[in-house]
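Below is the file run.cif, which contains mmCIF, C-alpha atoms.
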data_upload
#
loop_
_atom_site.label_atom_id
_atom_site.label_comp_id
_atom_site.auth_asym_id
_atom_site.auth_seq_id
_atom_site.Cartn_x
_atom_site.Cartn_y
_atom_site.Cartn_z
CA MET R 220 -3.93 -31.17 5.66
CA SER R 221 -3.59 -30.19 2.01
CA GLU R 222 -0.76 -27.93 0.85
CA ARG R 223 -3.31 -25.22 -0.01
CA ALA R 224 -4.83 -25.38 3.48
CA SER R 225 -1.47 -25.37 5.25
CA VAL R 226 -0.30 -22.37 3.26
CA SER R 227 -3.50 -20.42 3.92
CA ALA R 228 -3.43 -20.92 7.68
CA PRO R 229 -0.69 -18.32 8.38
CA ALA R 230 -2.41 -15.86 6.04
CA ALA R 231 -5.67 -16.24 7.94
CA ARG R 232 -3.84 -15.83 11.23
CA ALA R 233 -2.16 -12.66 9.89
CA ALA R 234 -5.57 -11.19 9.04
CA GLU R 235 -6.79 -11.86 12.59
CA LEU R 236 -3.70 -10.30 14.13
CA ASP R 237 -3.91 -7.21 11.93
CA ALA R 238 -7.59 -6.76 12.81
CA ALA R 239 -6.71 -6.76 16.52
CA ASP R 240 -3.64 -4.50 16.17
CA GLU R 241 -4.09 -1.27 18.16
CA LEU R 242 -1.23 0.38 16.21
CA ALA R 243 -2.53 -0.53 12.75
CA GLY R 244 -4.01 2.92 12.17
CA LEU R 245 -0.55 4.51 12.25
CA ARG R 246 0.37 2.97 8.91
CA LYS R 247 -1.63 5.60 7.03
CA ARG R 248 0.61 8.29 8.50
CA PHE R 249 3.51 7.07 6.35
CA VAL R 250 4.19 7.24 2.63
CA LEU R 251 4.09 3.58 1.62
CA ASP R 252 3.22 1.46 -1.39
CA ASP R 253 2.51 -2.25 -1.91
CA VAL R 254 6.11 -3.23 -1.23
CA VAL R 255 6.76 -5.09 2.03
CA TYR R 256 9.27 -2.73 3.60
CA LEU R 257 11.40 -4.52 6.19
CA ASP R 258 14.41 -2.24 6.11
CA GLY R 259 13.26 0.41 8.57
CA ASN R 260 16.17 -0.62 10.78
CA SER R 261 18.40 1.00 8.12
CA LEU R 262 16.15 3.81 6.88
CA GLY R 263 12.68 4.43 8.24
CA ALA R 264 9.76 5.17 5.94
CA LEU R 265 8.72 8.76 5.25
CA PRO R 266 6.08 10.15 7.62
CA ALA R 267 3.40 11.84 5.55
CA GLU R 268 3.63 15.14 7.46
CA VAL R 269 7.29 15.71 6.66
CA PRO R 270 7.16 17.01 3.05
CA GLY R 271 4.76 19.82 3.90
CA ARG R 272 6.77 20.80 6.95
CA VAL R 273 10.02 20.88 5.01
CA GLU R 274 8.39 23.01 2.31
CA ASP R 275 7.31 25.50 4.98
CA VAL R 276 10.81 25.56 6.48
CA VAL R 277 12.36 26.22 3.08
CA ARG R 278 9.82 28.58 1.52
CA ARG R 279 8.55 30.57 4.49
CA GLN R 280 11.00 30.23 7.36
CA TRP R 281 14.12 30.46 5.20
CA GLY R 282 12.70 32.10 2.07
CA GLU R 283 10.65 34.85 3.72
CA LEU R 284 11.77 35.24 7.32
CA ARG R 285 15.40 34.43 6.59
CA ILE R 286 17.63 35.16 9.59
CA ARG R 287 14.63 36.15 11.72
CA SER R 288 13.75 32.44 11.88
CA TRP R 289 16.52 31.75 14.36
CA GLU R 290 14.23 33.38 16.92
CA GLU R 291 10.78 33.61 15.34
CA SER R 292 10.72 30.03 14.04
CA GLY R 293 12.54 28.53 16.99
CA TRP R 294 15.62 27.45 15.06
CA TRP R 295 18.01 28.31 17.87
CA THR R 296 16.33 26.06 20.45
CA ALA R 297 15.64 23.17 18.08
CA PRO R 298 18.45 20.86 19.33
CA GLU R 299 17.17 20.72 22.89
CA ARG R 300 13.48 20.99 21.98
CA ILE R 301 13.70 17.99 19.65
CA GLY R 302 15.84 16.22 22.23
CA ASP R 303 12.95 16.53 24.67
CA ARG R 304 10.69 14.88 22.06
CA ILE R 305 13.03 11.91 21.83
CA ALA R 306 13.47 11.65 25.61
CA PRO R 307 10.25 9.70 26.40
CA LEU R 308 11.11 7.14 23.73
CA VAL R 309 14.33 6.22 25.53
CA GLY R 310 13.09 6.64 29.10
CA ALA R 311 14.66 10.00 29.88
CA ALA R 312 13.34 13.10 31.58
CA ALA R 313 13.51 16.39 29.73
CA GLY R 314 16.72 18.41 29.65
CA GLN R 315 19.14 15.54 29.09
CA ILE R 316 19.19 15.07 25.31
CA VAL R 317 20.49 17.38 22.63
CA VAL R 318 20.08 16.69 18.91
CA GLY R 319 22.79 17.42 16.37
CA ASP R 320 25.82 16.04 14.54
CA SER R 321 26.19 12.41 13.44
CA THR R 322 26.14 9.33 15.62
CA SER R 323 29.89 8.97 15.13
CA VAL R 324 30.57 12.50 16.36
CA ASN R 325 28.34 11.93 19.37
CA VAL R 326 30.05 8.63 20.19
CA PHE R 327 33.33 10.55 20.24
CA LYS R 328 31.92 13.25 22.52
CA ALA R 329 30.38 10.72 24.88
CA LEU R 330 33.35 8.39 25.13
CA VAL R 331 36.02 11.05 25.61
CA GLY R 332 33.70 12.85 28.01
CA ALA R 333 33.21 9.61 29.96
CA VAL R 334 36.97 9.07 30.30
CA ARG R 335 37.37 12.62 31.59
CA LEU R 336 34.58 12.05 34.09
CA ALA R 337 36.17 8.81 35.31
CA GLY R 338 39.19 10.69 36.61
CA GLU R 339 42.80 9.84 37.29
CA GLY R 340 44.06 6.28 37.51
CA ARG R 341 41.51 4.95 35.05
CA ASP R 342 43.19 4.45 31.70
CA GLU R 343 41.25 1.65 30.03
CA ILE R 344 38.27 1.66 27.67
CA LEU R 345 36.22 -1.48 27.04
CA VAL R 346 34.37 -1.68 23.74
CA ASP R 347 31.93 -4.21 22.33
CA ALA R 348 34.09 -6.50 20.16
CA THR R 349 31.14 -7.12 17.83
CA THR R 350 30.21 -3.45 17.54
CA PHE R 351 29.26 -1.56 14.42
CA PRO R 352 32.66 -0.76 12.84
CA THR R 353 32.48 3.02 13.27
CA ASP R 354 31.99 2.71 17.03
CA GLY R 355 35.17 0.65 17.14
CA TYR R 356 37.08 3.17 15.04
CA ILE R 357 35.93 6.04 17.24
CA ALA R 358 36.77 4.11 20.41
CA ALA R 359 40.28 3.44 19.13
CA SER R 360 40.80 7.11 18.35
CA ALA R 361 39.38 8.18 21.72
CA ALA R 362 41.75 5.76 23.46
CA ARG R 363 44.75 7.17 21.64
CA MET R 364 43.74 10.74 22.44
CA THR R 365 43.12 10.09 26.12
CA GLY R 366 46.11 7.83 26.70
CA CYS R 367 43.90 4.82 27.39
CA GLU R 368 44.28 1.18 26.49
CA LEU R 369 41.42 -0.12 24.34
CA ARG R 370 40.14 -3.62 25.10
CA PRO R 371 37.53 -5.17 22.77
CA VAL R 372 35.39 -7.68 24.68
CA ASP R 373 32.22 -9.61 24.06
CA PRO R 374 29.33 -7.91 25.89
CA ALA R 375 28.70 -11.07 27.91
CA GLU R 376 32.29 -10.88 29.20
CA VAL R 377 32.11 -7.25 30.32
CA PRO R 378 31.45 -7.97 34.02
CA SER R 379 34.53 -10.18 34.30
CA ALA R 380 36.67 -7.80 32.21
CA LEU R 381 36.01 -4.75 34.38
CA GLY R 382 38.70 -3.61 36.76
CA PRO R 383 40.07 -0.64 38.72
CA ARG R 384 41.63 0.78 35.55
CA THR R 385 38.38 0.80 33.56
CA ALA R 386 37.22 4.32 32.77
CA ALA R 387 34.36 3.72 30.36
CA VAL R 388 32.54 0.96 28.50
CA LEU R 389 30.96 1.48 25.07
CA LEU R 390 28.23 -1.02 24.20
CA ASN R 391 25.47 -1.46 21.63
CA HIS R 392 22.02 -2.07 23.06
CA VAL R 393 21.05 -4.18 20.04
CA ASP R 394 23.54 -5.90 17.74
CA TYR R 395 23.12 -4.57 14.21
CA ARG R 396 23.72 -7.94 12.53
CA THR R 397 21.91 -10.48 14.68
CA GLY R 398 19.30 -8.37 16.43
CA ARG R 399 20.48 -9.60 19.84
CA CYS R 400 19.42 -7.24 22.63
CA TYR R 401 21.89 -6.98 25.49
CA ASP R 402 20.94 -6.62 29.14
CA LEU R 403 21.33 -2.87 29.61
CA PRO R 404 20.26 -2.79 33.28
CA SER R 405 22.59 -5.52 34.54
CA LEU R 406 25.56 -4.45 32.41
CA THR R 407 25.17 -0.83 33.49
CA SER R 408 25.00 -1.94 37.11
CA ALA R 409 28.17 -4.01 36.74
CA ILE R 410 29.98 -1.10 35.11
CA HIS R 411 28.99 1.22 37.93
CA ALA R 412 30.00 -1.31 40.58
CA ALA R 413 33.49 -1.21 39.07
CA GLY R 414 33.54 2.59 39.26
CA ALA R 415 33.37 3.10 35.49
CA LEU R 416 30.92 4.91 33.23
CA ALA R 417 28.46 3.28 30.83
CA VAL R 418 28.06 4.63 27.30
CA TRP R 419 25.30 3.00 25.24
CA ASP R 420 24.67 3.14 21.49
CA LEU R 421 20.89 3.03 20.97
CA CYS R 422 20.79 3.12 17.17
CA HIS R 423 18.95 -0.20 16.85
CA SER R 424 16.73 0.10 19.91
CA ALA R 425 15.36 3.64 20.20
CA GLY R 426 11.83 3.66 18.84
CA ALA R 427 11.59 -0.14 18.84
CA LEU R 428 11.80 -1.13 22.50
CA PRO R 429 11.95 0.43 25.98
CA VAL R 430 15.41 1.61 27.01
CA GLY R 431 15.01 3.18 30.47
CA LEU R 432 18.03 5.48 30.50
CA ASP R 433 17.04 7.29 33.69
CA GLU R 434 15.64 4.22 35.44
CA HIS R 435 18.84 2.25 34.98
CA GLY R 436 21.26 5.11 35.63
CA VAL R 437 22.93 5.13 32.22
CA ASP R 438 25.65 7.78 32.14
CA LEU R 439 25.79 8.72 28.47
CA ALA R 440 24.03 7.45 25.37
CA VAL R 441 23.91 8.20 21.66
CA GLY R 442 21.70 7.21 18.79
CA CYS R 443 20.72 7.93 15.23
CA THR R 444 17.26 9.09 14.19
CA TYR R 445 16.89 7.72 10.67
CA LYS R 446 15.99 4.13 11.62
CA TYR R 447 13.00 3.47 13.88
CA LEU R 448 12.54 7.22 14.50
CA ASN R 449 12.02 7.83 10.75
CA GLY R 450 13.91 11.13 10.63
CA GLY R 451 15.14 10.72 7.05
CA PRO R 452 18.49 9.94 5.40
CA GLY R 453 21.33 11.55 7.33
CA SER R 454 19.02 13.05 9.95
CA PRO R 455 20.92 14.34 12.99
CA ALA R 456 21.78 12.05 15.86
CA TYR R 457 21.42 12.76 19.57
CA LEU R 458 23.48 12.75 22.75
CA TYR R 459 22.16 11.93 26.23
CA VAL R 460 24.06 13.15 29.29
CA ARG R 461 22.60 12.10 32.63
CA ALA R 462 21.49 15.12 34.64
CA GLY R 463 23.79 14.34 37.55
CA LEU R 464 26.84 14.44 35.29
CA GLN R 465 26.04 17.50 33.24
CA ASP R 466 27.89 20.04 35.38
CA ARG R 467 31.08 17.97 35.02
CA PHE R 468 30.69 16.82 31.41
CA ASP R 469 33.72 18.10 29.51
CA SER R 470 33.03 17.76 25.79
CA PRO R 471 36.07 17.21 23.57
CA LEU R 472 34.35 19.38 20.93
CA PRO R 473 33.59 22.72 22.64
CA GLY R 474 31.97 24.80 19.92
CA TRP R 475 30.45 28.24 20.02
CA ASN R 476 26.96 26.73 20.16
CA SER R 477 27.77 25.08 23.49
CA HIS R 478 29.19 28.24 25.04
CA ALA R 479 27.36 29.78 27.99
CA GLU R 480 27.23 33.06 26.04
CA PRO R 481 27.54 32.06 22.38
CA PHE R 482 27.16 35.57 21.01
CA ALA R 483 29.70 37.10 23.34
CA MET R 484 32.35 35.69 21.00
CA SER R 485 34.72 35.30 23.92
CA SER R 486 38.21 33.92 23.34
CA SER R 487 37.85 31.73 26.45
CA TYR R 488 35.38 28.87 26.67
CA GLU R 489 32.72 28.64 29.35
CA PRO R 490 30.34 25.69 28.85
CA ALA R 491 26.61 26.20 28.79
CA PRO R 492 24.56 24.55 31.54
CA GLY R 493 22.85 21.21 31.12
CA ALA R 494 22.64 19.11 27.97
CA LEU R 495 23.50 22.17 25.88
CA ARG R 496 27.13 21.27 26.54
CA GLY R 497 26.66 18.61 23.88
CA ARG R 498 26.11 21.17 21.14
CA VAL R 499 29.02 22.12 18.90
CA GLY R 500 28.40 24.24 15.81
CA THR R 501 25.45 25.71 13.93
CA PRO R 502 22.55 23.21 13.90
CA ASP R 503 21.64 21.53 10.60
CA ILE R 504 18.21 23.13 10.54
CA LEU R 505 16.65 21.60 7.42
CA SER R 506 17.19 17.98 8.47
CA MET R 507 16.58 18.78 12.12
CA LEU R 508 13.14 20.25 11.49
CA ALA R 509 12.27 17.36 9.16
CA LEU R 510 13.08 15.10 12.11
CA GLU R 511 10.87 17.17 14.39
CA ALA R 512 7.95 16.71 12.02
CA ALA R 513 8.65 12.98 11.78
CA LEU R 514 8.56 12.60 15.55
CA GLU R 515 4.97 13.85 15.67
CA VAL R 516 3.92 10.35 14.60
CA TRP R 517 4.84 9.26 18.12
CA ASP R 518 2.35 11.55 19.86
CA GLY R 519 0.19 9.36 22.07
CA VAL R 520 2.04 6.15 21.17
CA SER R 521 3.21 3.92 24.02
CA ILE R 522 6.68 2.43 23.58
CA ASP R 523 5.44 -0.58 25.55
CA SER R 524 2.76 -1.16 22.91
CA VAL R 525 5.39 -0.83 20.22
CA ARG R 526 7.54 -3.43 21.97
CA ALA R 527 4.62 -5.85 22.35
CA LYS R 528 3.83 -5.61 18.64
CA SER R 529 7.49 -5.90 17.70
CA LEU R 530 7.81 -9.18 19.57
CA ALA R 531 4.55 -10.47 18.14
CA LEU R 532 5.64 -9.57 14.60
CA THR R 533 9.03 -11.21 14.87
CA ASP R 534 7.52 -14.30 16.53
CA PHE R 535 4.98 -14.57 13.74
CA PHE R 536 7.55 -14.06 11.00
CA LEU R 537 9.72 -16.82 12.44
CA GLU R 538 6.67 -19.10 12.61
CA CYS R 539 5.89 -18.37 8.95
CA VAL R 540 9.51 -18.97 7.93
CA SER R 541 9.39 -22.32 9.72
CA ALA R 542 6.11 -23.20 7.98
CA TYR R 543 7.07 -22.07 4.48
CA VAL R 544 10.83 -22.25 3.96
CA PRO R 545 12.42 -25.62 3.10
CA GLU R 546 14.10 -27.13 6.15
CA GLY R 547 17.80 -26.39 6.44
CA ARG R 548 17.74 -23.57 3.88
CA VAL R 549 17.99 -20.75 6.47
CA GLU R 550 18.96 -20.52 10.12
CA SER R 551 17.82 -17.80 12.51
CA VAL R 552 20.68 -16.15 14.39
CA THR R 553 18.30 -13.84 16.23
CA PRO R 554 17.65 -14.99 19.80
CA SER R 555 14.32 -16.70 20.41
CA ALA R 556 14.08 -15.33 23.97
CA HIS R 557 12.12 -12.08 23.98
CA ALA R 558 14.42 -10.39 26.49
CA GLU R 559 17.34 -10.96 24.12
CA ARG R 560 15.66 -9.85 20.88
CA GLY R 561 15.53 -6.45 19.25
CA SER R 562 13.10 -5.64 16.45
CA GLN R 563 14.70 -7.54 13.60
CA VAL R 564 15.20 -11.09 12.42
CA ALA R 565 18.51 -12.17 10.95
CA LEU R 566 18.58 -15.38 8.92
CA ARG R 567 21.81 -17.08 7.90
CA CYS R 568 21.67 -18.17 4.27
CA ALA R 569 24.54 -19.46 2.15
CA ASP R 570 23.77 -17.23 -0.84
CA ALA R 571 22.25 -14.36 1.13
CA GLY R 572 23.43 -11.53 -1.14
CA ALA R 573 21.84 -13.00 -4.26
CA VAL R 574 18.72 -14.07 -2.36
CA MET R 575 18.12 -10.56 -1.04
CA LYS R 576 18.42 -9.10 -4.53
CA ARG R 577 15.74 -11.52 -5.75
CA LEU R 578 13.53 -10.72 -2.77
CA ILE R 579 13.74 -7.01 -3.50
CA ASP R 580 12.84 -7.68 -7.14
CA LYS R 581 9.73 -9.48 -5.86
CA GLY R 582 8.66 -6.62 -3.60
CA VAL R 583 10.10 -7.66 -0.24
CA VAL R 584 12.77 -5.21 0.92
CA GLY R 585 15.20 -6.28 3.61
CA ASP R 586 18.98 -6.06 3.49
CA PHE R 587 22.11 -8.20 3.33
CA ARG R 588 24.96 -8.18 5.82
CA HIS R 589 28.25 -9.80 4.89
CA PRO R 590 28.91 -12.64 4.62
CA ASP R 591 25.67 -14.61 4.88
CA ILE R 592 22.93 -12.69 6.71
CA LEU R 593 19.45 -11.80 5.44
CA ARG R 594 18.25 -9.04 7.75
CA PHE R 595 14.59 -8.09 8.16
CA GLY R 596 13.63 -5.11 10.31
CA PHE R 597 10.13 -4.86 11.77
CA THR R 598 8.99 -1.30 12.45
CA PRO R 599 5.76 -1.69 14.45
CA LEU R 600 4.39 1.72 13.47
CA TYR R 601 3.83 0.66 9.86
CA VAL R 602 4.62 -3.04 9.40
CA GLY R 603 1.72 -5.45 9.78
CA PHE R 604 1.30 -9.17 10.20
CA ALA R 605 0.22 -9.64 6.59
CA ASP R 606 3.56 -8.07 5.62
CA ALA R 607 5.37 -10.63 7.75
CA GLU R 608 3.43 -13.52 6.22
CA ARG R 609 4.00 -12.30 2.68
CA ALA R 610 7.70 -11.81 3.30
CA ALA R 611 8.12 -15.37 4.58
CA ARG R 612 6.07 -16.76 1.69
CA VAL R 613 8.07 -14.89 -0.95
CA LEU R 614 11.29 -15.96 0.77
CA ALA R 615 10.19 -19.58 0.49
CA GLU R 616 9.35 -19.14 -3.19
CA THR R 617 12.74 -17.52 -3.78
CA LEU R 618 14.58 -20.38 -2.10
CA SER R 619 12.59 -23.20 -3.71
#
Would it be possible to restate this file's structure as C-alpha cells?
Amino acid sequence: MSERASVSAPAARAAELDAADELAGLRKRFVLDDVVYLDGNSLGALPAEVPGRVEDVVRRQWGELRIRSWEESGWWTAPERIGDRIAPLVGAAAGQIVVGDSTSVNVFKALVGAVRLAGEGRDEILVDATTFPTDGYIAASAARMTGCELRPVDPAEVPSALGPRTAAVLLNHVDYRTGRCYDLPSLTSAIHAAGALAVWDLCHSAGALPVGLDEHGVDLAVGCTYKYLNGGPGSPAYLYVRAGLQDRFDSPLPGWNSHAEPFAMSSSYEPAPGALRGRVGTPDILSMLALEAALEVWDGVSIDSVRAKSLALTDFFLECVSAYVPEGRVESVTPSAHAERGSQVALRCADAGAVMKRLIDKGVVGDFRHPDILRFGFTPLYVGFADAERAARVLAETLS
C-alpha cells in the first residue's frame, strides 16, 4: 500500500464514523471554530445558549428586578434545582445534590462530614496517593482537624489497607493524568464492608461516563462543572449526600444558607433538611445560572450513548496514533481496557511540553502534565472522529 493510501485510510474511516454518529448534531450547540479542541477535560467549550442567558440574568434579572429576583427569578432555589439537573448524569435521584462553592470546599465538607458520620473509634482517613494535589491537601487538613491519621494508598491497595480504624476513603473516579478509571462499585463495596464511608471525586468522570452513585451506594461525592459539563471557567462545583445519610450529615461549614430557617437569623444553628445541608453562604448566582443554561445541552442525551462514543473516539485516536506516529516516539499510559479508561488519552513523550506548544500552534489543543505527559480529552458532545484523526496526524507531523 502506498504512503498516500495508508494515510487516507484513517481519514476515510473517520468520515464513516462521523456519518453514523448519533451525537454529531450536538456539536452545533457549542461555540467552536476550526481548531481541534481536545482540552474539554480542563475547560469545556461554550454552549451557544449561555451568552444570551447570562445577558438576561445581568440585564433583566439583576438590572431590572434586582432583589426581587431571589424569588421571582428562582435565585434562592438555584443550588438544589441545578443539582437535580446534574443528578441523572451521575446516576442519582433528585434531592441529593446541591450546587455551590468550589470542588476543594466540597471535598472538605464531604470528608469531614464522612469522618463525623463514621463515629467513635474510627480515626483514619485513606486517600488516593496519586490524587489531584488539592484533594491531598484538603485530606491532610481534614485529618488534622478531626484527629485522624492520614494514609495515602494506591487505589488498587485500598481493600487491603482498610481496617477497623478507617473512617473514610477519598478516591478519584478517573485519574487526572493517565485517564485510568477506577472500579467505583467494587471499591465502594470494600469500603462499606470495612464499616467506612466512601467519598468519590467525579471531576474527570461526570458527563463523560456512567457513575451510578445511587446504584452503588456511594456515600458522598463531589465534582466540578467546568470540564465535561461545560459550565464555564470557575463554575460552581457540587456535593452529593446520599439520601440515607442526610439527616445525620454534619457539615463542617454550617452557613446561614444551610440553616433550617435562614431568615430567622438565629444565634443557634439548626440544619436544613436534605441536601440543603451542603449549602453554606450566598450562592454565586451569575456563574450558577450560566451553568444551568449550559446543562440544557444534556436534555434528551443518554450518558450511555456518551460513554459508547467516548470509548470509540479514544480507541480510534489510539489507532491513528499507532498508524501515523513514528514507533517509539510516544507511549500511551491510558489503559487499553474499556472498563479502566476515562474519556482522555495520555501519551508519554520525552519533550511533551514543547510538543504540546507546537501542537497548539498548529490548531490541535490538548494540554501538558509534568513531567512528560501529552493529555488529550475527548468530549463526546462536540468532538468528532475527524477531529481525532486530524489530531493524530498533526501529532505525527510535529514529531517527525
Centre, x/y/z edge lengths, axis-aligned box for stretch 310-329 of chain R with 5 Å per side, as JSON:
{"center_x": 23.2, "center_y": 12.5, "center_z": 22.5, "size_x": 30.2, "size_y": 21.8, "size_z": 28.1}
| task | Apply the PyMOL selection byres ((chain R and resi 389-397) around 8) to the structure shown and report the selected residues as a VMD selection string. | result | chain R and resid 330 344 to 347 349 to 351 358 374 387 to 388 398 to 403 417 to 424 552 to 553 560 to 561 563 to 565 588 592 594
| message | Which residue is closest to R:Thr322? Choose from R:Ser454, R:Ser379, R:Asn260, R:Ser288 and count all atoms listed in the file. | response | R:Ser454
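Look at R:Gly582: the protein and nucleic acid residues within 7 Å of it, using only C-alpha atoms and passing over chain neighbours fewer than 4 places away, are Val254, Val255 and Leu578 of chain R.
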| task | Tell me, as a ChimeraX atom specification, which residues lie within 10 Å of R:Val334, counting all atoms listed in the file; anything in the same chain fewer than 2 positions away does not count. | result | /R:329-332,336-339,341-344,361-362,365-367,385-388,415-416,469
Check which residues satisfy the PyMOL selection byres ((chain R and resi 312-320) around 7) in the file shown, then give them as a PDB file with C-alpha atoms, keeping the file's coordinate frame.
ATOM      1  CA  PRO R 298      18.450  20.860  19.330  1.00  0.00           C
ATOM      2  CA  GLU R 299      17.170  20.720  22.890  1.00  0.00           C
ATOM      3  CA  ILE R 301      13.700  17.990  19.650  1.00  0.00           C
ATOM      4  CA  GLY R 302      15.840  16.220  22.230  1.00  0.00           C
ATOM      5  CA  ASP R 303      12.950  16.530  24.670  1.00  0.00           C
ATOM      6  CA  ALA R 306      13.470  11.650  25.610  1.00  0.00           C
ATOM      7  CA  PRO R 307      10.250   9.700  26.400  1.00  0.00           C
ATOM      8  CA  GLY R 310      13.090   6.640  29.100  1.00  0.00           C
ATOM      9  CA  ALA R 311      14.660  10.000  29.880  1.00  0.00           C
ATOM     10  CA  SER R 321      26.190  12.410  13.440  1.00  0.00           C
ATOM     11  CA  THR R 322      26.140   9.330  15.620  1.00  0.00           C
ATOM     12  CA  VAL R 324      30.570  12.500  16.360  1.00  0.00           C
ATOM     13  CA  ASN R 325      28.340  11.930  19.370  1.00  0.00           C
ATOM     14  CA  PRO R 455      20.920  14.340  12.990  1.00  0.00           C
ATOM     15  CA  ALA R 456      21.780  12.050  15.860  1.00  0.00           C
ATOM     16  CA  TYR R 457      21.420  12.760  19.570  1.00  0.00           C
ATOM     17  CA  LEU R 458      23.480  12.750  22.750  1.00  0.00           C
ATOM     18  CA  TYR R 459      22.160  11.930  26.230  1.00  0.00           C
ATOM     19  CA  VAL R 460      24.060  13.150  29.290  1.00  0.00           C
ATOM     20  CA  ARG R 461      22.600  12.100  32.630  1.00  0.00           C
ATOM     21  CA  ALA R 462      21.490  15.120  34.640  1.00  0.00           C
ATOM     22  CA  GLY R 493      22.850  21.210  31.120  1.00  0.00           C
ATOM     23  CA  ALA R 494      22.640  19.110  27.970  1.00  0.00           C
ATOM     24  CA  LEU R 495      23.500  22.170  25.880  1.00  0.00           C
ATOM     25  CA  GLY R 497      26.660  18.610  23.880  1.00  0.00           C
ATOM     26  CA  ARG R 498      26.110  21.170  21.140  1.00  0.00           C
ATOM     27  CA  PRO R 502      22.550  23.210  13.900  1.00  0.00           C
TER      28      PRO R 502
END
| said: Can you measure atom CA of R:Leu439 to atom CA of R:Pro452 for me? One decimal in Å is fine. | reply: 24.2 Å
| said: Measuring between all atoms listed in the file, which one of R:Leu257, R:Ala569, R:Leu510, R:Leu472 shows the shortest distance to R:Glu550? | reply: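 Closest to R:Glu550 of all the choices is R:Ala569.
We find atom CA of R:Ile286 and atom CA of R:Ile305 to be spaced 26.7 Å apart.
As for atom CA of R:Leu464 and atom CA of R:Ala483, they are spaced 25.8 Å apart.
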| task | For stretch 277-283 of chain R, please output as an MDAnalysis selection string all residues within 10 Å (counting all atoms listed in the file; exclusion window: fewer than 6 positions along the same chain). | result | chainID R and resid 271 289 291:294 504:505
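You can rank R:Gly431, R:Gly519, R:Gly572, R:Gly585 by their closest distance to R:Thr407 using all atoms listed in the file, and at the top of that list sits R:Gly431.
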| task | Show which residues sit within 12 Å of R:Ala573, as a list of chain:residue names. Count all atoms listed in the file, and ignore same-chain residues fewer than 2 positions away. | result |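 Here the answer would be R:Cys568, R:Ala569, R:Asp570, R:Ala571, R:Met575, R:Lys576, R:Arg577, R:Leu578, R:Ile579, R:Asp580, R:Asp586, R:Phe587, R:Arg588, R:His589, R:Pro590, R:Asp591, R:Ile592, R:Leu593, R:Thr617, R:Leu618.
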| request: Choose the residue, out of R:Arg548, R:Ser619, R:Phe597, R:Glu480, that has the smallest atom-to-atom separation from R:Asp534; count all atoms listed in the file. | output: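 With all atoms listed in the file as the atom set, the closest residue is R:Phe597.
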| request: Please write the residues picked by the PyMOL selection byres ((chain R and resi 445-449) around 7) on this file as number ranges by chain. | output: R: 259-265, 425-427, 443-444, 450-454, 513-514, 598
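Comparing the minimum interatomic distances between R:Pro481 and each of R:Pro599, R:Gly500, R:Gly382, R:Gly463, counting all atoms listed in the file, we find that R:Gly500 sits nearest.
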| query | Of the residues R:Glu489, R:Asp606, R:Glu274, R:Asp253, which is the one nearest to R:Ser506, using all atoms listed in the file? | reply |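 Nearest candidate to R:Ser506 out of R:Glu489, R:Asp606, R:Glu274, R:Asp253: R:Glu274.
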Just add N, CA, C and O atoms to stretch 234-243 of chain R and send it as a PDB file, keeping the file's coordinate frame.
ATOM      1  N   ALA R 234      -4.402 -12.061   9.152  1.00  0.00           N
ATOM      2  CA  ALA R 234      -5.570 -11.190   9.040  1.00  0.00           C
ATOM      3  C   ALA R 234      -6.187 -10.952  10.422  1.00  0.00           C
ATOM      4  O   ALA R 234      -6.596  -9.829  10.757  1.00  0.00           O
ATOM      5  N   GLU R 235      -6.236 -12.004  11.241  1.00  0.00           N
ATOM      6  CA  GLU R 235      -6.790 -11.860  12.590  1.00  0.00           C
ATOM      7  C   GLU R 235      -5.915 -10.936  13.435  1.00  0.00           C
ATOM      8  O   GLU R 235      -6.434 -10.080  14.172  1.00  0.00           O
ATOM      9  N   LEU R 236      -4.610 -11.124  13.345  1.00  0.00           N
ATOM     10  CA  LEU R 236      -3.700 -10.300  14.130  1.00  0.00           C
ATOM     11  C   LEU R 236      -3.742  -8.839  13.713  1.00  0.00           C
ATOM     12  O   LEU R 236      -3.710  -7.932  14.555  1.00  0.00           O
ATOM     13  N   ASP R 237      -3.827  -8.594  12.414  1.00  0.00           N
ATOM     14  CA  ASP R 237      -3.910  -7.210  11.930  1.00  0.00           C
ATOM     15  C   ASP R 237      -5.211  -6.554  12.381  1.00  0.00           C
ATOM     16  O   ASP R 237      -5.236  -5.365  12.721  1.00  0.00           O
ATOM     17  N   ALA R 238      -6.292  -7.318  12.396  1.00  0.00           N
ATOM     18  CA  ALA R 238      -7.590  -6.760  12.810  1.00  0.00           C
ATOM     19  C   ALA R 238      -7.574  -6.361  14.284  1.00  0.00           C
ATOM     20  O   ALA R 238      -8.274  -5.426  14.693  1.00  0.00           O
ATOM     21  N   ALA R 239      -6.771  -7.047  15.084  1.00  0.00           N
ATOM     22  CA  ALA R 239      -6.710  -6.760  16.520  1.00  0.00           C
ATOM     23  C   ALA R 239      -5.598  -5.786  16.890  1.00  0.00           C
ATOM     24  O   ALA R 239      -5.454  -5.425  18.061  1.00  0.00           O
ATOM     25  N   ASP R 240      -4.825  -5.334  15.920  1.00  0.00           N
ATOM     26  CA  ASP R 240      -3.640  -4.500  16.170  1.00  0.00           C
ATOM     27  C   ASP R 240      -4.023  -3.068  16.506  1.00  0.00           C
ATOM     28  O   ASP R 240      -4.549  -2.345  15.663  1.00  0.00           O
ATOM     29  N   GLU R 241      -3.730  -2.631  17.734  1.00  0.00           N
ATOM     30  CA  GLU R 241      -4.090  -1.270  18.160  1.00  0.00           C
ATOM     31  C   GLU R 241      -3.236  -0.205  17.482  1.00  0.00           C
ATOM     32  O   GLU R 241      -3.589   0.979  17.501  1.00  0.00           O
ATOM     33  N   LEU R 242      -2.099  -0.582  16.889  1.00  0.00           N
ATOM     34  CA  LEU R 242      -1.230   0.380  16.210  1.00  0.00           C
ATOM     35  C   LEU R 242      -1.452   0.411  14.695  1.00  0.00           C
ATOM     36  O   LEU R 242      -0.788   1.184  13.994  1.00  0.00           O
ATOM     37  N   ALA R 243      -2.349  -0.403  14.194  1.00  0.00           N
ATOM     38  CA  ALA R 243      -2.530  -0.530  12.750  1.00  0.00           C
ATOM     39  C   ALA R 243      -2.864   0.790  12.069  1.00  0.00           C
ATOM     40  O   ALA R 243      -2.446   1.048  10.935  1.00  0.00           O
TER      41      ALA R 243
END
